[in-house]
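K.L.:
Contents of final.tsv (TSV, C-alpha atoms) are given next:
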```tsv
chain	number	residue	atom	x	y	z
N	1	MET	CA	30.74	0.66	34.38
N	2	ASP	CA	27.89	1.92	32.22
N	3	PRO	CA	28.44	4.89	29.80
N	4	LEU	CA	26.45	7.39	31.90
N	5	SER	CA	28.37	6.69	35.12
N	6	ALA	CA	31.70	6.81	33.30
N	7	LEU	CA	30.86	10.14	31.68
N	8	ARG	CA	29.71	11.58	35.02
N	9	ASP	CA	32.91	10.45	36.71
N	10	TYR	CA	35.12	12.04	34.04
N	11	THR	CA	33.03	15.25	34.12
N	12	ILE	CA	33.35	15.61	37.89
N	13	ARG	CA	37.12	15.05	37.71
N	14	GLY	CA	37.45	17.51	34.81
N	15	GLU	CA	39.00	14.93	32.50
N	16	LEU	CA	36.68	15.27	29.51
N	17	ASP	CA	39.70	15.90	27.31
N	18	SER	CA	40.80	12.33	28.03
N	19	ILE	CA	37.76	11.02	26.19
N	20	VAL	CA	38.73	10.55	22.54
N	21	ARG	CA	36.85	9.12	19.59
N	22	PHE	CA	38.37	6.18	17.72
N	23	ASN	CA	36.31	5.08	14.69
N	24	ASP	CA	32.80	4.36	16.07
N	25	GLU	CA	33.64	4.28	19.78
N	26	PHE	CA	34.67	6.59	22.59
N	27	ARG	CA	37.71	5.65	24.68
N	28	PHE	CA	37.81	6.94	28.25
N	29	GLY	CA	41.57	7.06	28.66
N	30	SER	CA	42.73	3.51	29.16
N	31	ASP	CA	39.82	2.62	31.42
N	32	TYR	CA	36.69	2.20	29.31
N	33	SER	CA	35.53	1.91	25.72
N	34	PHE	CA	31.90	2.37	24.57
N	35	PRO	CA	30.20	2.62	21.15
N	36	CYS	CA	29.35	6.18	20.14
N	37	SER	CA	25.72	5.23	19.59
N	38	ALA	CA	25.40	3.37	22.90
N	39	GLU	CA	22.24	4.33	24.75
N	40	THR	CA	22.73	5.68	28.27
N	41	ALA	CA	20.44	5.29	31.25
N	42	TYR	CA	19.28	8.92	31.06
N	43	ARG	CA	15.81	9.18	29.51
N	44	SER	CA	14.62	12.46	28.01
N	45	LYS	CA	11.26	13.97	28.85
N	46	GLN	CA	10.22	13.00	25.31
N	47	GLY	CA	10.65	9.33	26.24
N	48	SER	CA	13.83	8.29	24.38
N	49	LEU	CA	17.22	7.40	25.88
N	50	TYR	CA	20.08	9.77	25.17
N	51	THR	CA	23.10	8.25	23.45
N	52	LEU	CA	26.65	8.64	24.73
N	53	GLU	CA	27.54	10.80	21.72
N	54	THR	CA	24.66	13.20	22.51
N	55	LEU	CA	25.59	13.58	26.20
N	56	LEU	CA	29.31	14.00	25.55
N	57	TYR	CA	28.70	16.70	22.92
N	58	PHE	CA	26.29	18.47	25.29
N	59	VAL	CA	28.55	18.49	28.33
N	60	ARG	CA	31.40	19.87	26.23
N	61	ASN	CA	29.15	22.66	24.85
N	62	HIS	CA	26.86	23.36	27.82
N	63	HIS	CA	28.20	26.92	28.09
N	64	VAL	CA	26.88	27.74	24.60
N	65	LYS	CA	23.42	29.27	24.18
N	66	HIS	CA	20.78	26.68	23.44
N	67	ILE	CA	19.94	27.99	19.95
N	68	GLU	CA	23.61	28.04	18.95
N	69	TYR	CA	24.08	24.59	20.47
N	70	LEU	CA	21.14	23.21	18.43
N	71	GLN	CA	22.57	24.65	15.21
N	72	LYS	CA	26.02	23.14	15.84
N	73	ALA	CA	24.57	19.75	16.76
N	74	ARG	CA	22.38	19.73	13.65
N	75	THR	CA	25.39	20.64	11.48
N	76	GLN	CA	27.38	17.69	12.81
N	77	GLY	CA	24.41	15.32	12.65
N	78	ILE	CA	24.29	14.72	16.40
N	79	PRO	CA	20.91	14.50	18.21
N	80	ALA	CA	20.59	17.39	20.65
N	81	VAL	CA	19.53	17.53	24.28
N	82	THR	CA	16.15	19.22	24.66
N	83	LEU	CA	15.81	22.50	26.56
N	84	PRO	CA	13.80	21.03	29.50
N	85	ASP	CA	16.53	18.40	30.07
N	86	ARG	CA	19.52	20.78	30.02
N	87	LYS	CA	19.58	21.92	33.65
N	88	PRO	CA	18.81	18.61	35.46
N	89	LEU	CA	21.13	16.68	33.14
N	90	LEU	CA	24.03	19.10	33.64
N	91	GLU	CA	23.59	19.12	37.42
N	92	TYR	CA	23.75	15.33	37.48
N	93	LEU	CA	26.81	15.08	35.23
N	94	GLN	CA	28.66	17.75	37.23
N	95	GLY	CA	27.89	15.97	40.51
N	96	LYS	CA	25.62	18.66	41.96
N	97	VAL	CA	22.91	16.04	42.46
N	98	SER	CA	23.47	12.38	43.18
N	99	SER	CA	20.48	10.97	41.30
N	100	SER	CA	17.62	11.86	38.99
N	101	ASP	CA	14.17	10.43	38.18
N	102	ALA	CA	15.18	10.36	34.51
N	103	ILE	CA	17.86	7.73	35.12
N	104	GLU	CA	16.85	4.11	34.46
N	105	PHE	CA	19.72	1.70	34.98
N	106	LEU	CA	19.16	-1.68	33.43
N	107	VAL	CA	21.95	-3.09	35.62
N	108	PRO	CA	23.54	-1.56	38.74
N	109	PRO	CA	25.99	1.22	37.81
N	110	ASN	CA	28.93	-0.33	39.70
N	111	THR	CA	30.01	-2.56	36.80
N	112	ILE	CA	33.51	-3.88	36.55
N	113	ASN	CA	36.49	-1.67	35.62
N	114	LEU	CA	37.91	-3.09	32.38
N	115	ASN	CA	41.46	-2.07	33.33
N	116	LEU	CA	41.13	-4.07	36.55
N	117	ASN	CA	42.79	-1.13	38.30
N	118	ASN	CA	41.05	-0.38	41.59
N	119	SER	CA	43.10	2.64	42.57
N	120	ARG	CA	40.44	5.14	41.54
N	121	PHE	CA	37.49	3.15	42.94
N	122	PRO	CA	38.72	1.65	46.20
N	123	ASP	CA	35.20	0.79	47.33
N	124	LEU	CA	34.43	-1.37	44.28
N	125	PRO	CA	35.49	-5.04	44.31
N	126	LEU	CA	37.65	-6.36	41.49
N	127	ALA	CA	36.43	-9.28	39.40
N	128	SER	CA	39.55	-11.26	40.38
N	129	SER	CA	38.78	-10.75	44.02
N	130	LEU	CA	35.39	-12.38	43.56
N	131	ILE	CA	36.96	-15.65	42.37
N	132	PRO	CA	38.13	-17.76	45.30
N	133	SER	CA	41.75	-18.90	45.31
N	134	GLU	CA	43.17	-22.01	46.93
N	135	SER	CA	44.49	-20.05	49.90
N	136	THR	CA	41.22	-18.27	50.51
N	137	ALA	CA	38.96	-21.20	49.67
N	138	PRO	CA	36.68	-22.00	52.58
N	139	ASN	CA	36.98	-25.22	54.49
N	140	PRO	CA	34.36	-27.62	53.16
N	141	ASN	CA	34.04	-29.04	56.69
N	142	ALA	CA	33.31	-25.63	58.17
N	143	VAL	CA	29.82	-24.70	59.21
N	144	ASP	CA	29.68	-21.44	57.19
N	145	ASP	CA	30.20	-22.65	53.60
N	146	PHE	CA	29.89	-19.72	51.16
N	147	SER	CA	31.55	-21.44	48.16
N	148	GLU	CA	28.37	-21.56	46.05
N	149	PRO	CA	27.31	-17.87	46.50
N	150	THR	CA	30.89	-16.73	45.79
N	151	ALA	CA	30.93	-18.65	42.50
N	152	GLN	CA	27.59	-17.12	41.52
N	153	ASN	CA	28.94	-13.63	42.21
N	154	ALA	CA	31.96	-14.36	40.03
N	155	ASP	CA	29.74	-15.51	37.15
N	156	LEU	CA	27.60	-12.39	37.52
N	157	SER	CA	30.68	-10.14	37.44
N	158	SER	CA	31.98	-11.86	34.32
N	159	THR	CA	28.60	-11.31	32.65
N	160	LYS	CA	28.74	-7.62	33.50
N	161	MET	CA	32.20	-7.36	31.98
N	162	ILE	CA	30.93	-8.87	28.73
N	163	GLN	CA	27.87	-6.62	28.64
N	164	ALA	CA	30.03	-3.53	29.15
N	165	ILE	CA	31.95	-4.12	25.91
N	166	GLU	CA	29.03	-5.33	23.79
N	167	ARG	CA	28.37	-3.50	20.51
N	168	PRO	CA	24.92	-3.56	18.87
N	169	LEU	CA	25.21	-4.75	15.26
N	170	LYS	CA	21.58	-4.42	14.19
N	171	ASP	CA	18.41	-3.01	15.65
N	172	ARG	CA	14.72	-3.53	14.82
N	173	GLU	CA	14.64	-0.78	12.18
N	174	SER	CA	17.71	-2.01	10.29
N	175	LEU	CA	16.25	-5.52	10.16
N	176	LEU	CA	12.98	-4.21	8.70
N	177	GLU	CA	14.77	-2.21	5.99
N	178	CYS	CA	15.75	-5.45	4.16
N	179	LYS	CA	18.64	-3.88	2.29
N	180	GLN	CA	19.93	-5.57	-0.88
N	181	ARG	CA	16.64	-7.44	-1.30
N	182	ASP	CA	14.33	-7.03	-4.29
N	183	PHE	CA	10.69	-8.09	-4.05
N	184	TYR	CA	9.80	-7.11	-7.63
N	185	SER	CA	9.73	-10.76	-8.73
N	186	VAL	CA	7.13	-11.49	-6.01
N	187	LEU	CA	4.94	-8.67	-7.34
N	188	VAL	CA	5.23	-9.93	-10.93
N	189	ALA	CA	4.39	-13.50	-9.92
N	190	SER	CA	1.33	-12.45	-7.90
N	191	THR	CA	0.12	-10.23	-10.76
N	192	LYS	CA	0.38	-13.10	-13.24
N	193	ARG	CA	-1.56	-15.40	-10.93
N	194	GLU	CA	-4.32	-12.81	-10.54
N	195	GLU	CA	-4.56	-12.31	-14.32
N	196	GLU	CA	-4.74	-16.07	-14.87
N	197	ARG	CA	-7.48	-16.38	-12.24
N	198	GLN	CA	-9.54	-13.64	-13.91
N	199	ARG	CA	-9.08	-15.27	-17.32
N	200	ILE	CA	-10.29	-18.64	-16.01
N	201	GLU	CA	-13.31	-17.06	-14.30
N	202	SER	CA	-14.19	-15.18	-17.48
N	203	GLN	CA	-14.01	-18.35	-19.54
N	204	GLN	CA	-16.14	-20.21	-16.99
N	205	ARG	CA	-18.80	-17.48	-17.16
N	206	LYS	CA	-18.88	-17.69	-20.94
N	207	ASP	CA	-19.14	-21.49	-20.87
N	208	GLY	CA	-21.97	-21.25	-18.33
N	209	LEU	CA	-23.90	-18.79	-20.49
N	210	VAL	CA	-23.54	-20.98	-23.58
N	211	ALA	CA	-24.64	-24.09	-21.68
N	212	LYS	CA	-27.61	-22.27	-20.17
N	213	SER	CA	-28.66	-20.94	-23.55
N	214	ARG	CA	-28.49	-24.39	-25.13
N	215	LEU	CA	-30.42	-25.95	-22.23
N	216	MET	CA	-33.18	-23.35	-22.44
N	217	GLY	CA	-33.35	-23.76	-26.21
N	218	SER	CA	-33.69	-27.53	-26.00
N	219	GLU	CA	-36.41	-27.28	-23.34
N	220	GLU	CA	-38.42	-24.77	-25.41
N	221	THR	CA	-38.13	-26.95	-28.51
N	222	ARG	CA	-39.27	-30.04	-26.59
N	223	TYR	CA	-42.17	-28.15	-25.04
N	224	GLY	CA	-43.27	-26.96	-28.46
N	225	ASP	CA	-43.15	-30.47	-29.94
N	226	GLU	CA	-45.18	-31.99	-27.12
N	227	SER	CA	-47.89	-29.34	-27.03
N	228	GLY	CA	-48.20	-28.90	-30.77
N	229	TYR	CA	-47.02	-25.29	-30.71
N	230	ASP	CA	-44.18	-23.97	-32.83
N	231	ALA	CA	-41.43	-22.84	-30.46
N	232	THR	CA	-39.30	-21.27	-33.21
N	233	PRO	CA	-38.81	-17.55	-32.39
N	234	LYS	CA	-40.34	-15.21	-34.95
N	235	PRO	CA	-38.25	-12.31	-36.30
N	236	LYS	CA	-39.36	-8.90	-35.02
N	237	MET	CA	-39.87	-5.73	-37.02
N	238	HIS	CA	-38.30	-2.36	-36.20
N	239	LEU	CA	-41.23	-0.48	-34.76
N	240	LYS	CA	-41.11	2.62	-32.56
N	241	GLY	CA	-41.20	1.54	-28.93
N	242	SER	CA	-40.97	-2.16	-29.84
N	243	LYS	CA	-39.70	-4.73	-27.37
N	244	ILE	CA	-36.17	-6.11	-27.30
N	245	GLY	CA	-35.51	-8.94	-29.72
N	246	GLU	CA	-35.01	-12.54	-28.67
N	247	GLY	CA	-31.51	-13.41	-27.42
N	248	VAL	CA	-28.73	-11.71	-25.48
N	249	PRO	CA	-28.94	-7.88	-25.58
N	250	ILE	CA	-26.19	-6.13	-27.54
N	251	ILE	CA	-24.11	-3.06	-26.60
N	252	LEU	CA	-22.21	-1.35	-29.41
N	253	VAL	CA	-18.89	0.43	-28.87
N	254	PRO	CA	-16.74	2.38	-31.36
N	255	SER	CA	-13.89	0.59	-33.10
N	256	ALA	CA	-11.81	3.79	-33.13
N	257	PHE	CA	-9.01	4.14	-30.56
N	258	GLN	CA	-9.70	7.84	-29.86
N	259	THR	CA	-12.75	6.97	-27.73
N	260	LEU	CA	-12.44	6.06	-24.07
N	261	ILE	CA	-14.50	2.84	-24.11
N	262	THR	CA	-13.63	0.17	-26.68
N	263	ILE	CA	-14.05	-3.57	-26.95
N	264	TYR	CA	-10.63	-3.92	-25.30
N	265	ASN	CA	-11.44	-2.24	-21.98
N	266	VAL	CA	-15.26	-2.37	-21.74
N	267	LYS	CA	-15.23	-5.57	-19.65
N	268	GLU	CA	-13.02	-4.11	-16.89
N	269	PHE	CA	-15.06	-0.92	-16.80
N	270	LEU	CA	-18.55	-2.45	-16.66
N	271	GLU	CA	-17.75	-5.53	-14.55
N	272	ASP	CA	-15.01	-4.31	-12.21
N	273	GLY	CA	-15.71	-0.57	-12.24
N	274	VAL	CA	-12.14	0.28	-13.32
N	275	PHE	CA	-11.13	2.28	-16.39
N	276	ILE	CA	-7.98	1.03	-18.15
N	277	PRO	CA	-6.76	2.93	-21.24
N	278	THR	CA	-7.18	1.06	-24.51
N	279	ASP	CA	-3.48	1.19	-25.41
N	280	VAL	CA	-2.59	-0.48	-22.10
N	281	LYS	CA	-5.11	-3.28	-22.66
N	282	VAL	CA	-3.85	-3.83	-26.22
N	283	LYS	CA	-0.32	-4.38	-24.92
N	284	GLN	CA	-1.58	-6.80	-22.25
N	285	MET	CA	-3.80	-8.77	-24.62
N	286	LYS	CA	-2.57	-12.09	-25.94
N	287	GLY	CA	-3.92	-13.24	-29.28
N	288	THR	CA	-6.19	-11.54	-31.77
N	289	LYS	CA	-8.82	-8.90	-31.14
N	290	PRO	CA	-12.15	-10.42	-29.97
N	291	ASP	CA	-15.24	-9.98	-32.14
N	292	CYS	CA	-17.57	-10.15	-29.13
N	293	VAL	CA	-17.16	-9.67	-25.37
N	294	THR	CA	-19.71	-10.83	-22.78
N	295	VAL	CA	-20.23	-8.58	-19.75
N	296	GLN	CA	-22.34	-8.89	-16.60
N	297	LYS	CA	-23.08	-6.60	-13.67
N	298	LYS	CA	-20.87	-8.23	-11.05
N	299	PHE	CA	-21.28	-5.65	-8.28
N	300	SER	CA	-25.03	-6.21	-7.89
N	301	ARG	CA	-27.19	-7.71	-5.15
N	302	ASP	CA	-29.70	-9.02	-7.68
N	303	ARG	CA	-29.84	-12.80	-7.90
N	304	VAL	CA	-30.73	-12.70	-11.58
N	305	VAL	CA	-27.90	-11.14	-13.57
N	306	THR	CA	-28.41	-10.29	-17.24
N	307	ALA	CA	-25.58	-10.89	-19.68
N	308	TYR	CA	-24.82	-8.49	-22.52
N	309	GLU	CA	-22.83	-8.90	-25.71
N	310	VAL	CA	-20.46	-6.06	-26.61
N	311	ARG	CA	-19.60	-5.62	-30.29
N	312	ASP	CA	-17.76	-2.97	-32.32
N	313	LYS	CA	-18.73	-3.96	-35.89
N	314	PRO	CA	-22.30	-2.79	-36.66
N	315	SER	CA	-21.85	-3.82	-40.29
N	316	ALA	CA	-21.67	-7.48	-39.20
N	317	LEU	CA	-25.10	-7.35	-37.51
N	318	LYS	CA	-28.03	-9.05	-39.20
N	319	ALA	CA	-31.56	-7.67	-39.31
N	320	ASP	CA	-32.62	-9.72	-36.29
N	321	ASP	CA	-29.47	-8.66	-34.39
N	322	TRP	CA	-30.47	-4.98	-34.54
N	323	ASP	CA	-33.58	-5.81	-32.49
N	324	ARG	CA	-31.25	-6.86	-29.66
N	325	VAL	CA	-29.17	-3.64	-29.64
N	326	VAL	CA	-30.02	-1.77	-26.44
N	327	ALA	CA	-27.14	0.69	-25.99
N	328	VAL	CA	-24.30	2.35	-27.85
N	329	PHE	CA	-21.22	4.25	-26.72
N	330	VAL	CA	-20.97	7.13	-29.18
N	331	LEU	CA	-17.80	8.61	-30.56
N	332	GLY	CA	-19.33	12.01	-31.23
N	333	LYS	CA	-18.84	11.72	-35.00
N	334	GLU	CA	-21.56	11.48	-37.65
N	335	TRP	CA	-19.80	8.76	-39.62
N	336	GLN	CA	-20.22	6.31	-36.72
N	337	PHE	CA	-23.88	5.83	-37.72
N	338	LYS	CA	-23.23	5.36	-41.42
N	339	ASP	CA	-25.28	2.46	-42.92
N	340	TRP	CA	-27.29	2.05	-39.70
N	341	PRO	CA	-30.92	0.95	-40.39
N	342	PHE	CA	-32.38	4.20	-39.03
N	343	LYS	CA	-33.31	7.42	-40.79
N	344	ASP	CA	-31.85	9.94	-38.27
N	345	HIS	CA	-30.48	10.47	-34.75
N	346	VAL	CA	-33.93	10.94	-33.29
N	347	GLU	CA	-34.95	7.41	-34.28
N	348	ILE	CA	-31.59	5.93	-33.20
N	349	PHE	CA	-31.66	7.29	-29.65
N	350	ASN	CA	-35.38	6.63	-29.31
N	351	LYS	CA	-34.76	2.90	-29.72
N	352	ILE	CA	-31.18	2.69	-28.44
N	353	LEU	CA	-29.72	4.18	-25.23
N	354	GLY	CA	-26.72	6.38	-25.96
N	355	PHE	CA	-23.66	7.02	-23.75
N	356	TYR	CA	-20.78	9.43	-24.32
N	357	MET	CA	-17.64	8.92	-22.18
N	358	ARG	CA	-15.33	11.87	-21.53
N	359	PHE	CA	-12.69	13.03	-19.06
N	360	GLU	CA	-14.11	15.53	-16.60
N	361	ASP	CA	-11.46	18.15	-17.41
N	362	ASP	CA	-11.91	17.94	-21.21
N	363	SER	CA	-13.15	21.06	-22.98
N	364	LEU	CA	-16.90	21.42	-23.57
N	365	GLU	CA	-16.18	21.94	-27.26
N	366	SER	CA	-15.45	18.21	-27.63
N	367	ALA	CA	-19.02	17.37	-26.54
N	368	LYS	CA	-20.69	20.12	-28.59
N	369	THR	CA	-22.13	17.71	-31.17
N	370	VAL	CA	-23.14	15.11	-28.59
N	371	LYS	CA	-25.19	17.63	-26.62
N	372	GLN	CA	-27.53	17.90	-29.61
N	373	TRP	CA	-28.36	14.19	-29.32
N	374	ASN	CA	-30.42	12.32	-26.74
N	375	VAL	CA	-27.29	10.87	-25.16
N	376	LYS	CA	-26.19	10.54	-21.52
N	377	ILE	CA	-22.74	12.08	-20.93
N	378	ILE	CA	-20.61	10.14	-18.39
N	379	SER	CA	-17.52	11.91	-17.00
N	380	ILE	CA	-14.56	10.16	-15.37
N	381	SER	CA	-11.29	11.40	-13.90
N	382	LYS	CA	-7.93	10.96	-15.61
N	383	ASN	CA	-6.16	9.96	-12.40
N	384	LYS	CA	-8.72	9.15	-9.65
N	385	ARG	CA	-9.50	5.54	-10.47
N	386	HIS	CA	-11.56	5.03	-7.31
N	387	GLN	CA	-14.26	7.19	-8.94
N	388	ASP	CA	-14.65	4.84	-11.93
N	389	ARG	CA	-17.03	2.59	-10.03
N	390	THR	CA	-19.54	5.42	-9.62
N	391	ALA	CA	-19.48	6.10	-13.36
N	392	ALA	CA	-19.93	2.39	-14.16
N	393	LEU	CA	-22.88	2.15	-11.76
N	394	GLU	CA	-24.50	5.13	-13.47
N	395	VAL	CA	-24.20	3.33	-16.83
N	396	TRP	CA	-25.75	0.16	-15.37
N	397	ASP	CA	-28.62	2.06	-13.71
N	398	ARG	CA	-29.50	3.86	-16.95
N	399	LEU	CA	-29.16	0.67	-18.97
N	400	GLU	CA	-31.32	-1.46	-16.68
N	401	GLU	CA	-34.01	1.21	-16.50
N	402	PHE	CA	-34.02	1.50	-20.31
N	403	VAL	CA	-34.25	-2.29	-20.77
N	404	ARG	CA	-37.16	-2.51	-18.33
N	405	SER	CA	-39.04	0.25	-20.13
N	406	ARG	CA	-38.60	-1.46	-23.49
N	407	SER	CA	-39.50	-4.87	-22.09
N	408	HIS	CA	-42.86	-3.56	-20.87
N	409	SER	CA	-43.66	-1.45	-23.92
```
Just give me the structure as structure tokens.

P.N.:
Amino acid sequence: MDPLSALRDYTIRGELDSIVRFNDEFRFGSDYSFPCSAETAYRSKQGSLYTLETLLYFVRNHHVKHIEYLQKARTQGIPAVTLPDRKPLLEYLQGKVSSSDAIEFLVPPNTINLNLNNSRFPDLPLASSLIPSESTAPNPNAVDDFSEPTAQNADLSSTKMIQAIERPLKDRESLLECKQRDFYSVLVASTKREEERQRIESQQRKDGLVAKSRLMGSEETRYGDESGYDATPKPKMHLKGSKIGEGVPIILVPSAFQTLITIYNVKEFLEDGVFIPTDVKVKQMKGTKPDCVTVQKKFSRDRVVTAYEVRDKPSALKADDWDRVVAVFVLGKEWQFKDWPFKDHVEIFNKILGFYMRFEDDSLESAKTVKQWNVKIISISKNKRHQDRTAALEVWDRLEEFVRSRSHS
């Protein structure tokens, strides 16, 4: 018998006190035994099947007001019967109605009595009666031979007996929880593979730039020899509005750690559009600090992508190198421009594009000095990293526009 039919039978007979809980199952006298969490055939109007524990607690407390019943059920951790289901469910369990649209039996309710005692259900056949004995076995020579259907009925009854005492060990949710399993090692391994892939791609880009530069240099030299012209580039003078010098353009960044953009994190910011604090990049870096970093605008639809060198030691630049400097990330301190080959800030930011990086919630006092210079202030968020890409694109747009203006001057 299924849990719902057994509970209804005991409710009609007034023998609910005979149902006792033993560990994680309810025992109906000496007749039946079901798991407490076993789902019954009664489906709530919300769509879920009520468990045996829920229905038994409800039928024992149906006389209590619904609000008080909900509070008691919540205290004991038992799912409650909803208000729309109270009346039709109680009428069915008390035998006032014989059926309900909310009942969905997976198998017929007349399952086998586990006690094999047919005194209370005289109309139900016993499992033993379904198995033919020698005395009742039909004559194989008779015309009406029902031996095969009788054996099938016996097998079906045995299956029902097994299903009645089954206990669910795991459900779909418990399998998905994956208890006592740690996937941290998988995350670490995938992170290392991604870092290695980025390192290899970065090295390949650098090798490609070097090879391209050498190839172009050899072709220009050969062209000059064949035509009689001198292909050696001439050094340029620092003139107001002069063009960019020959070679890869240079971007200068501060060497101080108190600025947001340094030589450690400039590549991730300009190429990937992601800001990573300098102290984090220093801990991740293997080896010594680089003297020069090559960056390109990766998130661009342009087929021709210009490469830029990023340096943080202006004192190491030669006279010809200063002609290639197109941008600088300023620290906001006067001493950053000490020993620069310019007479004042007006000349510096007339020939070089200036950027000042700050957090958007920093005080305006920190940018007081920078506002007096011809510098573009770029603000980023401390926590919203998805906004970094917009800031990086703004830097690229300003930089490309400045380079074009100087190239055509």

K.L.:
Go ahead and compute the interatomic distance for CA of Asp85 (chain N) and CA of Asp9 (chain N), in Å to one decimal.

P.N.:
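Computed distance, CA of Asp85 (chain N) to CA of Asp9 (chain N), equals 19.4 Å.
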
K.L.:
Find the residue from N:Lys286, N:Lys72, N:Arg324, N:Arg358 that sits nearest to Asp388 (chain N); use only C-alpha atoms when measuring.

P.N.:
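Closest to Asp388 (chain N) of all the choices is N:Arg358.
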
K.L.:
Could you tell me which of N:Leu260, N:Val280, N:Ala73, N:Val403 comes closest to Val325 (chain N) if we count all atoms listed in the file?

P.N.:
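Nearest candidate to Val325 (chain N) out of N:Leu260, N:Val280, N:Ala73, N:Val403: N:Val403.
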
K.L.:
Residues within 9 Å of Glu360 (chain N), please, as a PyMOL selection string. Count only C-alpha atoms; anything in the same chain fewer than 2 positions from it doesn't count.

P.N.:
chain N and resi 358+362-363+378-382

K.L.:
Given the choices N:Ile276, N:Leu176, N:Ile165, N:Ile103, which gets closest to Glu25 (chain N) if the distance is worked out from all atoms listed in the file?

P.N.:
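Of the candidates, the smallest distance to Glu25 (chain N) is held by N:Ile165.
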
K.L.:
Might you pull out every residue within 10 Å of Glu334 (chain N), with only C-alpha atoms counted and same-chain residues fewer than 2 positions away left off, and present them as a PyMOL selection string?

P.N.:
chain N and resi 330-332+336-338+345+369-370

K.L.:
Taking all atoms listed in the file into account, which of N:Gln198, N:Thr306, N:Thr159, N:Asn23 comes nearest Asp272 (chain N)?

P.N.:
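Of all the options, N:Gln198 lies closest to Asp272 (chain N).
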
K.L.:
Kindly indicate which residue among N:Lys267, N:Lys376, N:Leu156, N:Lys371 lies nearest to Asp397 (chain N), using all atoms listed in the file for the distances.

P.N.:
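For Asp397 (chain N), the nearest of the given residues is N:Lys376.
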
K.L.:
Using only C-alpha atoms, can you tell me which of N:Thr11, N:Gln204, N:Ser174, N:Ser30 comes closest to Lys96 (chain N)?

P.N.:
N:Thr11

K.L.:
If you measure from CA of Asp17 (chain N) to CA of His63 (chain N), what distance in Å do you get, rounded to one decimal?

P.N.:
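Here the two named atoms are 15.9 Å from each other.
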
K.L.:
Just to confirm, what's the straight-line distance from CA of Asn265 (chain N) to CA of Lys298 (chain N) in Å (one decimal)?

P.N.:
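We find that CA of Asn265 (chain N) and CA of Lys298 (chain N) lie 15.6 Å from each other.
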
K.L.:
So for region 278-291 of chain N, what box centre and size do we get, axis-aligned, 6 Å extra on each of the six sides, every listed atom, Å to one decimal, as AutoDock Vina command-line options?

P.N.:
```
--center_x -7.8 --center_y -6.0 --center_z -27.1 --size_x 26.9 --size_y 26.4 --size_z 22.0
```

K.L.:
For a cut-off of 12 Å around (-34.4, 7.0, -27.6), file coordinates, pick out all residues using only C-alpha atoms and list them as an MDAnalysis selection string.

P.N.:
chainID N and resid 240:242 326:328 342 344:355 373:376 399 402:403 405:406

K.L.:
So that I can check the surroundings of Val282 (chain N), please list as an MDAnalysis selection string every protein, DNA and RNA residue that reaches within 12 Å of it, counting only C-alpha atoms and ignoring chain neighbours fewer than 3 positions away.

P.N.:
chainID N and resid 257 262:265 276:279 285:290
